[in-house]
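Raw contents of final-v5.txt, compact mmCIF, C-alpha atoms:
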# COMPACT_ATOMS: atom_id res chain seq x y z
CA MET A 1 112.92 100.10 119.12
CA ALA A 2 116.51 99.09 119.63
CA ALA A 3 119.66 100.95 120.58
CA VAL A 4 122.55 101.04 118.12
CA SER A 5 126.01 102.51 118.40
CA MET A 6 128.73 102.67 115.81
CA THR A 7 131.51 104.93 114.61
CA VAL A 8 130.70 106.93 111.49
CA ASN A 9 133.47 108.97 109.87
CA GLY A 10 135.48 108.78 113.07
CA LYS A 11 132.70 109.97 115.36
CA ALA A 12 130.84 107.78 117.83
CA VAL A 13 127.11 107.86 117.05
CA THR A 14 124.11 106.24 118.67
CA GLY A 15 120.49 105.85 117.71
CA ASP A 16 117.23 104.40 118.90
CA ILE A 17 115.84 102.71 115.82
CA GLU A 18 113.41 100.12 114.57
CA PRO A 19 115.25 96.84 113.91
CA ARG A 20 114.20 96.97 110.25
CA THR A 21 116.12 100.23 109.69
CA LEU A 22 118.69 99.77 106.94
CA LEU A 23 122.16 101.26 107.36
CA VAL A 24 121.49 103.65 104.48
CA GLN A 25 118.31 104.89 106.16
CA PHE A 26 120.14 105.35 109.44
CA LEU A 27 122.87 107.35 107.72
CA ARG A 28 120.52 109.53 105.71
CA GLU A 29 117.54 109.98 108.00
CA ASN A 30 118.99 109.77 111.50
CA LEU A 31 122.48 111.19 110.91
CA ARG A 32 121.46 113.43 107.99
CA LEU A 33 124.46 112.19 106.01
CA THR A 34 122.71 112.36 102.65
CA GLY A 35 125.80 111.87 100.49
CA THR A 36 125.12 108.13 100.50
CA HIS A 37 122.37 107.68 97.91
CA VAL A 38 119.61 105.16 97.39
CA GLY A 39 119.38 104.23 93.72
CA CYS A 40 117.90 100.80 93.13
CA ASP A 41 117.42 99.64 96.74
CA THR A 42 118.10 96.10 95.47
CA SER A 43 121.90 95.88 95.95
CA GLN A 44 122.64 96.29 92.25
CA CYS A 45 123.41 99.94 91.47
CA GLY A 46 126.06 100.78 94.10
CA ALA A 47 124.87 104.36 94.79
CA CYS A 48 124.77 103.43 98.50
CA VAL A 49 128.30 102.01 98.81
CA VAL A 50 130.03 102.86 102.10
CA HIS A 51 132.92 101.24 103.92
CA MET A 52 132.27 99.05 106.94
CA ASP A 53 135.39 98.02 108.86
CA GLY A 54 137.46 98.96 105.82
CA ARG A 55 135.47 97.09 103.16
CA ALA A 56 133.03 98.41 100.57
CA ILE A 57 129.46 97.27 101.20
CA LYS A 58 126.02 98.22 99.93
CA ALA A 59 124.32 100.16 102.70
CA CYS A 60 120.87 99.26 101.35
CA THR A 61 121.43 95.58 102.09
CA ILE A 62 122.51 95.61 105.70
CA LEU A 63 120.57 96.49 108.83
CA ALA A 64 121.87 99.36 110.90
CA LEU A 65 121.80 96.99 113.90
CA GLN A 66 124.24 94.71 112.08
CA CYS A 67 126.75 97.56 112.18
CA GLU A 68 126.81 97.64 115.99
CA ARG A 69 130.34 98.65 117.06
CA ALA A 70 131.48 98.84 113.43
CA GLN A 71 133.60 101.55 111.81
CA VAL A 72 131.61 103.08 108.95
CA THR A 73 133.01 105.56 106.45
CA THR A 74 130.75 107.47 104.07
CA ILE A 75 131.56 109.88 101.26
CA GLU A 76 131.37 112.71 103.82
CA GLY A 77 134.28 111.12 105.68
CA LEU A 78 136.80 111.16 102.84
CA ALA A 79 137.76 114.81 102.47
CA ASN A 80 140.22 116.39 104.87
CA GLY A 81 138.33 119.57 105.72
CA ALA A 82 138.16 121.69 102.57
CA GLU A 83 140.79 119.56 100.85
CA LEU A 84 139.28 116.86 98.65
CA HIS A 85 140.42 113.25 98.97
CA PRO A 86 142.72 112.38 96.01
CA MET A 87 140.00 110.16 94.53
CA GLN A 88 137.43 112.97 94.76
CA ALA A 89 139.93 115.38 93.19
CA ALA A 90 140.55 112.90 90.36
CA PHE A 91 136.82 112.60 89.64
CA ARG A 92 136.64 116.39 89.38
CA GLU A 93 139.79 116.69 87.30
CA HIS A 94 138.77 113.95 84.83
CA HIS A 95 135.10 114.85 84.82
CA GLY A 96 134.12 111.40 86.06
CA LEU A 97 130.49 112.37 86.48
CA GLN A 98 127.59 114.04 84.81
CA CYS A 99 124.47 114.09 86.98
CA GLY A 100 126.46 112.99 90.03
CA PHE A 101 123.92 110.60 91.51
CA CYS A 102 126.17 107.54 91.32
CA THR A 103 129.33 109.46 92.23
CA PRO A 104 129.47 108.91 96.01
CA GLY A 105 129.15 105.16 95.48
CA MET A 106 131.64 105.22 92.62
CA ILE A 107 134.21 107.04 94.75
CA MET A 108 133.72 104.78 97.78
CA THR A 109 134.08 101.74 95.53
CA ALA A 110 137.14 103.28 93.87
CA VAL A 111 138.89 103.80 97.21
CA ASP A 112 138.05 100.20 98.14
CA ILE A 113 139.59 98.97 94.86
CA VAL A 114 142.80 100.84 95.67
CA ASN A 115 142.80 99.42 99.21
CA ARG A 116 142.59 95.88 97.82
CA LYS A 117 144.45 96.10 94.51
CA GLY A 118 147.00 98.85 94.97
CA ASN A 119 147.80 102.09 93.20
CA SER A 120 148.54 100.88 89.68
CA LEU A 121 145.24 99.84 88.19
CA ASP A 122 144.78 98.90 84.55
CA GLU A 123 141.56 99.61 82.71
CA HIS A 124 140.44 95.98 82.69
CA THR A 125 140.78 95.69 86.46
CA ILE A 126 138.88 98.92 87.05
CA ARG A 127 136.02 98.02 84.72
CA ASN A 128 135.80 94.56 86.23
CA GLU A 129 135.77 95.93 89.77
CA LEU A 130 133.04 98.45 88.89
CA GLU A 131 130.58 95.65 88.20
CA GLY A 132 128.45 96.63 91.16
CA ASN A 133 128.20 100.35 90.35
CA LEU A 134 125.88 101.64 87.67
CA CYS A 135 126.14 105.05 85.97
CA ARG A 136 123.41 106.04 83.55
CA CYS A 137 125.15 109.15 82.16
CA THR A 138 128.83 108.83 81.48
CA GLY A 139 129.45 105.59 79.66
CA TYR A 140 132.06 104.99 82.38
CA HIS A 141 134.96 106.20 80.27
CA ASN A 142 135.88 109.18 82.42
CA ILE A 143 135.08 107.28 85.61
CA VAL A 144 137.68 104.69 84.64
CA LYS A 145 140.22 107.43 83.87
CA ALA A 146 139.46 109.18 87.15
CA ILE A 147 139.92 106.00 89.17
CA ALA A 148 143.26 105.19 87.52
CA ALA A 149 144.50 108.73 88.23
CA GLY A 150 143.01 108.81 91.74
CA ALA A 151 144.66 105.49 92.56
CA GLN A 152 148.06 106.90 91.54
CA ALA A 153 147.44 110.10 93.50
CA MET A 154 146.54 108.10 96.63
CA GLY A 155 149.90 106.36 96.35
CA HIS A 156 151.73 109.67 96.14
CA GLY A 157 149.84 110.87 99.21
CA LEU A 158 151.12 107.90 101.17
CA VAL A 159 154.67 108.56 100.04
CA ALA A 160 154.34 112.23 101.01
CA GLN A 161 152.96 111.31 104.42
CA ALA A 162 155.72 108.81 105.00
CA ALA A 163 158.31 111.45 104.10
CA GLU A 164 156.92 113.97 106.57
CA MET B 1 109.97 95.30 105.12
CA TYR B 2 107.68 94.22 107.95
CA ALA B 3 108.79 94.74 111.53
CA PHE B 4 110.71 92.00 113.36
CA ALA B 5 112.74 91.50 116.51
CA TYR B 6 116.52 91.32 116.08
CA HIS B 7 118.82 88.93 117.96
CA ARG B 8 122.60 88.78 117.85
CA PRO B 9 123.95 85.61 119.49
CA THR B 10 127.70 85.18 119.96
CA SER B 11 127.87 81.38 119.80
CA VAL B 12 126.29 78.60 117.74
CA ARG B 13 124.74 77.21 120.90
CA GLN B 14 123.08 80.55 121.69
CA ALA B 15 121.86 80.83 118.11
CA ALA B 16 120.37 77.32 118.23
CA ASN B 17 118.66 78.09 121.55
CA LEU B 18 117.14 81.23 120.07
CA LEU B 19 115.88 79.32 117.03
CA GLY B 20 114.30 76.73 119.32
CA LYS B 21 112.67 79.29 121.55
CA LEU B 22 111.45 81.96 119.13
CA ASP B 23 108.45 81.79 116.81
CA GLU B 24 108.91 82.35 113.09
CA ALA B 25 112.63 82.89 113.42
CA LYS B 26 115.00 83.11 110.49
CA ILE B 27 118.77 83.14 110.40
CA VAL B 28 120.50 86.02 108.65
CA ALA B 29 124.10 85.49 107.54
CA GLY B 30 125.32 87.90 104.83
CA GLY B 31 121.74 88.95 104.25
CA HIS B 32 122.12 89.38 100.49
CA THR B 33 119.20 87.09 99.73
CA LEU B 34 117.12 87.37 102.88
CA LEU B 35 117.06 91.18 103.23
CA PRO B 36 116.00 91.78 99.59
CA THR B 37 113.35 89.07 100.02
CA MET B 38 112.09 90.79 103.17
CA LYS B 39 112.01 94.15 101.39
CA GLN B 40 109.74 92.60 98.77
CA ARG B 41 107.64 91.20 101.63
CA LEU B 42 108.14 87.70 100.27
CA ALA B 43 109.57 86.80 103.66
CA ALA B 44 108.33 88.25 106.93
CA PRO B 45 110.04 86.53 109.85
CA ALA B 46 108.93 87.69 113.30
CA ASN B 47 112.47 87.18 114.59
CA LEU B 48 115.82 87.56 112.90
CA VAL B 49 118.81 85.72 114.37
CA ASP B 50 122.01 87.35 113.07
CA LEU B 51 125.06 85.07 112.93
CA ASN B 52 127.51 87.94 112.30
CA GLY B 53 128.53 87.99 115.97
CA VAL B 54 129.41 84.28 116.01
CA ASN B 55 133.16 84.26 115.49
CA GLU B 56 133.52 80.47 115.68
CA LEU B 57 131.76 80.33 112.28
CA ARG B 58 134.52 82.23 110.47
CA GLY B 59 137.76 81.07 108.97
CA ILE B 60 139.39 78.67 106.53
CA GLU B 61 141.41 75.57 107.47
CA ARG B 62 143.48 73.49 105.12
CA SER B 63 144.56 69.95 105.90
CA GLY B 64 146.39 67.48 103.67
CA ARG B 65 143.19 66.23 102.08
CA SER B 66 140.58 68.92 102.49
CA VAL B 67 139.76 72.60 102.83
CA THR B 68 137.17 73.46 105.46
CA ILE B 69 135.42 76.82 105.32
CA GLY B 70 133.43 78.32 108.19
CA ALA B 71 129.83 79.13 107.32
CA MET B 72 130.18 82.89 107.95
CA THR B 73 133.27 83.20 105.73
CA THR B 74 132.52 85.72 102.97
CA HIS B 75 132.88 85.12 99.25
CA ALA B 76 135.69 87.72 99.21
CA GLU B 77 137.58 85.85 101.95
CA VAL B 78 137.31 82.57 100.01
CA ALA B 79 138.38 84.29 96.76
CA GLU B 80 141.43 85.87 98.44
CA SER B 81 142.48 82.90 100.57
CA ALA B 82 145.98 81.66 99.77
CA ASP B 83 145.00 78.21 101.09
CA VAL B 84 141.95 77.93 98.85
CA LYS B 85 143.86 79.29 95.83
CA ALA B 86 146.62 76.74 96.33
CA ALA B 87 144.48 73.70 97.16
CA ILE B 88 141.30 74.23 95.11
CA PRO B 89 141.84 77.19 92.75
CA ALA B 90 138.48 76.46 91.08
CA LEU B 91 136.74 77.24 94.36
CA ALA B 92 138.51 80.59 94.77
CA GLU B 93 137.63 81.43 91.16
CA LEU B 94 133.99 80.51 91.77
CA ALA B 95 133.83 82.81 94.80
CA GLU B 96 135.35 85.64 92.75
CA MET B 97 132.55 85.24 90.18
CA ILE B 98 129.70 85.76 92.65
CA GLY B 99 127.85 89.09 92.45
CA ASP B 100 130.12 92.14 92.65
CA PRO B 101 132.89 93.20 95.08
CA ALA B 102 130.54 94.81 97.64
CA VAL B 103 128.24 91.79 97.56
CA ARG B 104 131.23 89.48 98.03
CA HIS B 105 132.20 91.45 101.14
CA ARG B 106 128.93 90.43 102.82
CA GLY B 107 127.63 87.22 101.20
CA THR B 108 128.68 83.99 102.92
CA ILE B 109 129.22 80.39 101.91
CA GLY B 110 126.91 79.16 104.67
CA GLY B 111 124.12 81.45 103.53
CA SER B 112 124.49 80.33 99.93
CA VAL B 113 124.48 76.65 100.84
CA ALA B 114 121.58 76.98 103.30
CA ASN B 115 119.47 78.95 100.81
CA ASN B 116 120.18 76.60 97.88
CA ASP B 117 119.11 79.03 95.19
CA PRO B 118 118.79 77.05 91.93
CA ALA B 119 121.12 79.55 90.23
CA ALA B 120 123.68 79.87 93.06
CA ASP B 121 127.31 78.86 92.47
CA TYR B 122 128.40 77.09 95.66
CA PRO B 123 125.90 74.20 95.36
CA ALA B 124 127.67 73.15 92.12
CA ALA B 125 131.06 73.16 93.87
CA CYS B 126 129.70 71.18 96.83
CA LEU B 127 128.14 68.52 94.62
CA ALA B 128 131.06 68.20 92.18
CA LEU B 129 133.75 68.10 94.87
CA GLY B 130 131.76 65.75 97.11
CA ALA B 131 131.74 68.25 99.97
CA THR B 132 130.43 67.60 103.45
CA ILE B 133 128.02 70.13 104.92
CA VAL B 134 128.61 70.29 108.67
CA THR B 135 125.81 71.55 110.92
CA ASN B 136 125.42 72.03 114.66
CA LYS B 137 123.80 68.57 114.71
CA ARG B 138 125.47 66.34 112.08
CA LYS B 139 127.51 65.99 108.92
CA ILE B 140 125.64 65.73 105.63
CA ALA B 141 127.14 64.57 102.33
CA ALA B 142 126.42 67.00 99.48
CA ASP B 143 124.65 64.15 97.63
CA GLU B 144 122.12 63.95 100.47
CA TYR B 145 121.94 67.67 101.17
CA PHE B 146 120.51 69.46 98.10
CA LYS B 147 116.85 68.46 97.84
CA GLY B 148 115.29 70.80 95.28
CA LEU B 149 114.44 74.46 94.70
CA PHE B 150 115.53 76.30 97.84
CA GLU B 151 115.22 72.96 99.66
CA THR B 152 117.91 71.25 101.67
CA ALA B 153 118.22 68.43 104.19
CA LEU B 154 118.45 71.00 107.01
CA GLY B 155 115.89 70.48 109.75
CA ASP B 156 114.27 73.05 112.04
CA GLY B 157 116.82 74.81 114.18
CA GLU B 158 119.72 73.28 112.26
CA ILE B 159 122.57 75.69 111.45
CA VAL B 160 125.26 75.16 108.82
CA THR B 161 128.56 75.64 110.66
CA LYS B 162 131.11 74.77 107.97
CA VAL B 163 131.61 73.15 104.60
CA SER B 164 134.46 70.71 104.04
CA PHE B 165 135.78 70.22 100.50
CA PRO B 166 138.05 67.27 99.59
CA ILE B 167 141.00 68.52 97.52
CA PRO B 168 140.60 67.29 93.92
CA GLN B 169 143.33 66.42 91.41
CA LYS B 170 141.78 68.75 88.87
CA ALA B 171 138.76 71.01 88.91
CA ALA B 172 137.27 74.07 87.23
CA TYR B 173 134.06 76.08 87.23
CA MET B 174 132.62 77.81 84.19
CA LYS B 175 129.63 80.06 84.42
CA PHE B 176 127.49 81.80 81.84
CA ARG B 177 126.19 84.72 83.85
CA ASN B 178 122.98 86.62 83.67
CA PRO B 179 124.59 90.00 82.94
CA ALA B 180 122.22 91.87 85.28
CA SER B 181 122.03 89.60 88.32
CA ARG B 182 125.37 87.74 87.85
CA TYR B 183 123.57 84.58 88.84
CA ALA B 184 124.33 81.54 86.71
CA LEU B 185 122.14 81.03 83.66
CA VAL B 186 124.19 77.87 83.54
CA GLY B 187 127.22 77.03 85.65
CA VAL B 188 129.17 73.78 85.41
CA PHE B 189 131.69 72.57 87.99
CA VAL B 190 133.86 69.61 86.98
CA ALA B 191 136.10 67.80 89.44
CA LYS B 192 138.44 64.87 89.00
CA ARG B 193 139.34 62.99 92.14
CA ALA B 194 141.19 59.71 92.57
CA ALA B 195 138.01 57.68 92.85
CA GLU B 196 135.61 59.54 90.59
CA ILE B 197 134.86 62.32 88.17
CA ARG B 198 131.90 64.57 88.78
CA VAL B 199 130.08 67.15 86.68
CA ALA B 200 127.62 69.35 88.58
CA VAL B 201 125.28 71.80 86.88
CA THR B 202 123.64 74.84 88.48
CA GLY B 203 121.27 77.46 87.09
CA ALA B 204 119.64 75.07 84.66
CA GLY B 205 117.65 72.44 86.55
CA GLN B 206 113.99 72.75 87.53
CA ASN B 207 114.96 71.15 90.82
CA GLY B 208 118.17 73.05 91.37
CA VAL B 209 121.71 71.72 91.17
CA PHE B 210 122.23 68.26 89.62
CA ARG B 211 124.92 65.92 88.31
CA TRP B 212 125.23 65.21 84.59
CA ALA B 213 125.78 61.45 84.59
CA ALA B 214 126.38 61.08 80.84
CA ALA B 215 129.21 63.61 80.93
CA GLU B 216 130.77 61.94 83.98
CA GLU B 217 130.65 58.60 82.13
CA ALA B 218 132.23 60.10 79.01
CA LEU B 219 135.02 61.74 81.03
CA LYS B 220 135.91 58.44 82.73
CA LYS B 221 137.44 57.20 79.49
CA ARG B 222 139.61 60.27 79.19
CA PHE B 223 139.46 63.48 81.20
CA ALA B 224 139.57 65.85 78.23
CA ALA B 225 137.19 68.35 76.64
CA LYS B 226 137.23 66.18 73.50
CA SER B 227 135.47 63.40 75.40
CA LEU B 228 132.39 65.61 75.64
CA GLU B 229 132.24 66.51 71.97
CA GLY B 230 128.85 65.74 70.46
CA LEU B 231 127.37 65.12 73.89
CA ALA B 232 124.20 67.15 74.46
CA HIS B 233 122.16 67.43 77.62
CA PRO B 234 118.45 66.75 77.04
CA ALA B 235 116.08 69.71 77.45
CA GLU B 236 113.72 67.77 79.73
CA GLY B 237 113.76 68.91 83.33
CA LEU B 238 115.52 72.18 82.59
CA ASN B 239 114.45 75.68 83.48
CA GLY B 240 113.13 78.07 80.84
CA ASP B 241 112.48 81.74 81.47
CA ILE B 242 112.76 85.14 79.79
CA HIS B 243 116.55 85.02 80.11
CA ALA B 244 117.07 81.67 78.39
CA ASP B 245 114.72 78.96 77.14
CA VAL B 246 115.25 75.27 77.80
CA THR B 247 116.99 74.46 74.52
CA TYR B 248 119.44 77.33 75.00
CA ARG B 249 120.16 76.23 78.55
CA ALA B 250 120.64 72.63 77.39
CA HIS B 251 123.12 73.88 74.79
CA LEU B 252 124.95 76.01 77.37
CA ILE B 253 125.42 73.01 79.67
CA GLY B 254 127.46 71.28 76.97
CA VAL B 255 129.48 74.41 76.20
CA MET B 256 130.20 75.24 79.84
CA ALA B 257 131.11 71.61 80.61
CA ARG B 258 133.64 71.48 77.76
CA ARG B 259 135.13 74.82 78.79
CA ALA B 260 135.35 73.69 82.40
CA VAL B 261 137.16 70.46 81.50
CA ALA B 262 139.51 72.41 79.22
CA ALA B 263 140.25 74.88 82.04
CA ALA B 264 140.83 72.05 84.53
CA THR B 265 143.24 70.20 82.23
CA ASP B 266 145.06 73.42 81.22
CA ARG B 267 145.73 74.50 84.77
CA GLU B 268 149.28 73.15 85.17
Please re-express this file's structure in structure tokens.
Amino acid sequence: MAAVSMTVNGKAVTGDIEPRTLLVQFLRENLRLTGTHVGCDTSQCGACVVHMDGRAIKACTILALQCERAQVTTIEGLANGAELHPMQAAFREHHGLQCGFCTPGMIMTAVDIVNRKGNSLDEHTIRNELEGNLCRCTGYHNIVKAIAAGAQAMGHGLVAQAAE
Amino acid sequence: MYAFAYHRPTSVRQAANLLGKLDEAKIVAGGHTLLPTMKQRLAAPANLVDLNGVNELRGIERSGRSVTIGAMTTHAEVAESADVKAAIPALAELAEMIGDPAVRHRGTIGGSVANNDPAADYPAACLALGATIVTNKRKIAADEYFKGLFETALGDGEIVTKVSFPIPQKAAYMKFRNPASRYALVGVFVAKRAAEIRVAVTGAGQNGVFRWAAAEEALKKRFAAKSLEGLAHPAEGLNGDIHADVTYRAHLIGVMARRAVAAATDRE
């Protein structure tokens, strides 16, 4: 067993884990943060996407020990209390999901796209950037719409915060 | 995944000492090949030496004649680098074509070059640009480095520390991707430098990345896509699998090579 400590959704967490524990296992089984899903377990589907030190990664393809001292954000860390994150609200508003299994990964990827590419995203950019996230229900159409709207809304949030 | 012991050195020297001391040790860089392989139990190292804590292996340096990239630099960092985009745009474009955004946030150039997957992208860039692979022990020319399927000139305990790319006059990379894995079914990197023109092919060869001599010869007369018209790569020695048989791959080599030359000459 090995000791690990990291910050998850702003809280310091520790664990005593086997070295072969994947980050996604640590999140789901040790921390009981089950919003991060395991779809393919082969780094293709993107259901397990979380942010590590501000960048989207696939939590099924990194050891929890490799996240020592890292800042990890999961889908549970996006909302502000009862108020949904603008990207979550956009997915609800635009019905960017059907079964919902891929949704946490889609939303974490979407926020990462906005962080890297800004608030005005065209359809081509969004579809291109979603290469690593698979959805078996929606045909992506509403996901793309949701991300474009969520990206805009995130920009407005920043403006509002700056004005306060 | 079988159990292993995990080690996180903070310097290349520490990492090399661990590799010398430990039995059945493997290096993990971005982990996007090794961890999936371990999950499938195709690899079962007793010890894993993680290079993610070794900061001296990160970063990109540009000099007048070359761009040198630290082994632990991620594909995303190469793709976004203003220095790489300005000096060797083909290399930034290649990095942007690897996997997907989350994969590019973890996968590293050193891992790709050390693994030498026959369908990986970086080996084609190294061979076409005449890169130098720098290790903790020596410098190895790309021509001497890639030895076959997943085989390189690296010895036991040898760690890739950086890769140095001479800046070409013109270069481009074209890749026909497997739509599921995003690996190259065929990828062709062409580079024109003062002294020579090189055409390197990945994804297609039974022994991994190789140079297409006939195309290089044809491009010497004139560096233009037209020079490659009617030139076909023979099917012998190529890879055939469920994704593409040998004749299709042979055909794709010609198509990707012409597109790459066209992209390189159109760049200005």
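Counting all atoms listed in the file, the residue from B:Gly240, B:Gly99, B:Gly64, B:Gly187 that sits nearest to chain A is B:Gly99.
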For this session: Give me, please, the distance in Å between atom CA of B:Val188 and atom CA of B:Gly130, quoted to one decimal.
Result: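 So the answer is 14.4 Å.
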Exercise. Atom CA of B:Tyr173 and atom CA of B:Val134 are how many Å apart?
Worked result: 22.9 Å
For chain A versus chain B, which residues have an atom no more than 7 Å away, and what is each residue's nearest atom pair and distance in Å rounded to one decimal, using only C-alpha atoms, chain-then-number order, as a Markdown table?
| residue | atom | partner | partner_atom | distance |
| --- | --- | --- | --- | --- |
| A:Pro19 | CA | B:Tyr6 | CA | 6.1 |
| A:Arg20 | CA | B:Ala3 | CA | 6.0 |
| A:Thr42 | CA | B:Pro36 | CA | 6.3 |
| A:Arg55 | CA | B:His105 | CA | 6.8 |
| A:Ala56 | CA | B:Ala102 | CA | 5.3 |
| A:Ile57 | CA | B:Ala102 | CA | 4.5 |
| A:Lys58 | CA | B:Ala102 | CA | 6.1 |
| A:Thr61 | CA | B:Leu35 | CA | 6.3 |
| A:Ile62 | CA | B:Gly31 | CA | 6.9 |
| A:Glu129 | CA | B:Pro101 | CA | 6.6 |
| A:Glu131 | CA | B:Asp100 | CA | 5.7 |
| A:Gly132 | CA | B:Asp100 | CA | 5.0 |
Those selected residues, please, written with C-alpha atoms and delivered as a PDB file, keeping the file's coordinate frame.
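The new file selection23.pdb reads:
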ATOM      1  CA  PRO A  19     115.250  96.840 113.910  1.00  0.00           C
ATOM      2  CA  ARG A  20     114.200  96.970 110.250  1.00  0.00           C
ATOM      3  CA  THR A  42     118.100  96.100  95.470  1.00  0.00           C
ATOM      4  CA  ARG A  55     135.470  97.090 103.160  1.00  0.00           C
ATOM      5  CA  ALA A  56     133.030  98.410 100.570  1.00  0.00           C
ATOM      6  CA  ILE A  57     129.460  97.270 101.200  1.00  0.00           C
ATOM      7  CA  LYS A  58     126.020  98.220  99.930  1.00  0.00           C
ATOM      8  CA  THR A  61     121.430  95.580 102.090  1.00  0.00           C
ATOM      9  CA  ILE A  62     122.510  95.610 105.700  1.00  0.00           C
ATOM     10  CA  GLU A 129     135.770  95.930  89.770  1.00  0.00           C
ATOM     11  CA  GLU A 131     130.580  95.650  88.200  1.00  0.00           C
ATOM     12  CA  GLY A 132     128.450  96.630  91.160  1.00  0.00           C
TER      13      GLY A 132
END
Which centre and which edge lengths, in Å to one decimal, describe the axis-aligned box that holds all listed atoms of stretch 219-237 of chain B after 6 Å is added on each side, as JSON?
{"center_x": 126.7, "center_y": 63.5, "center_z": 76.9, "size_x": 37.9, "size_y": 24.5, "size_z": 24.9}
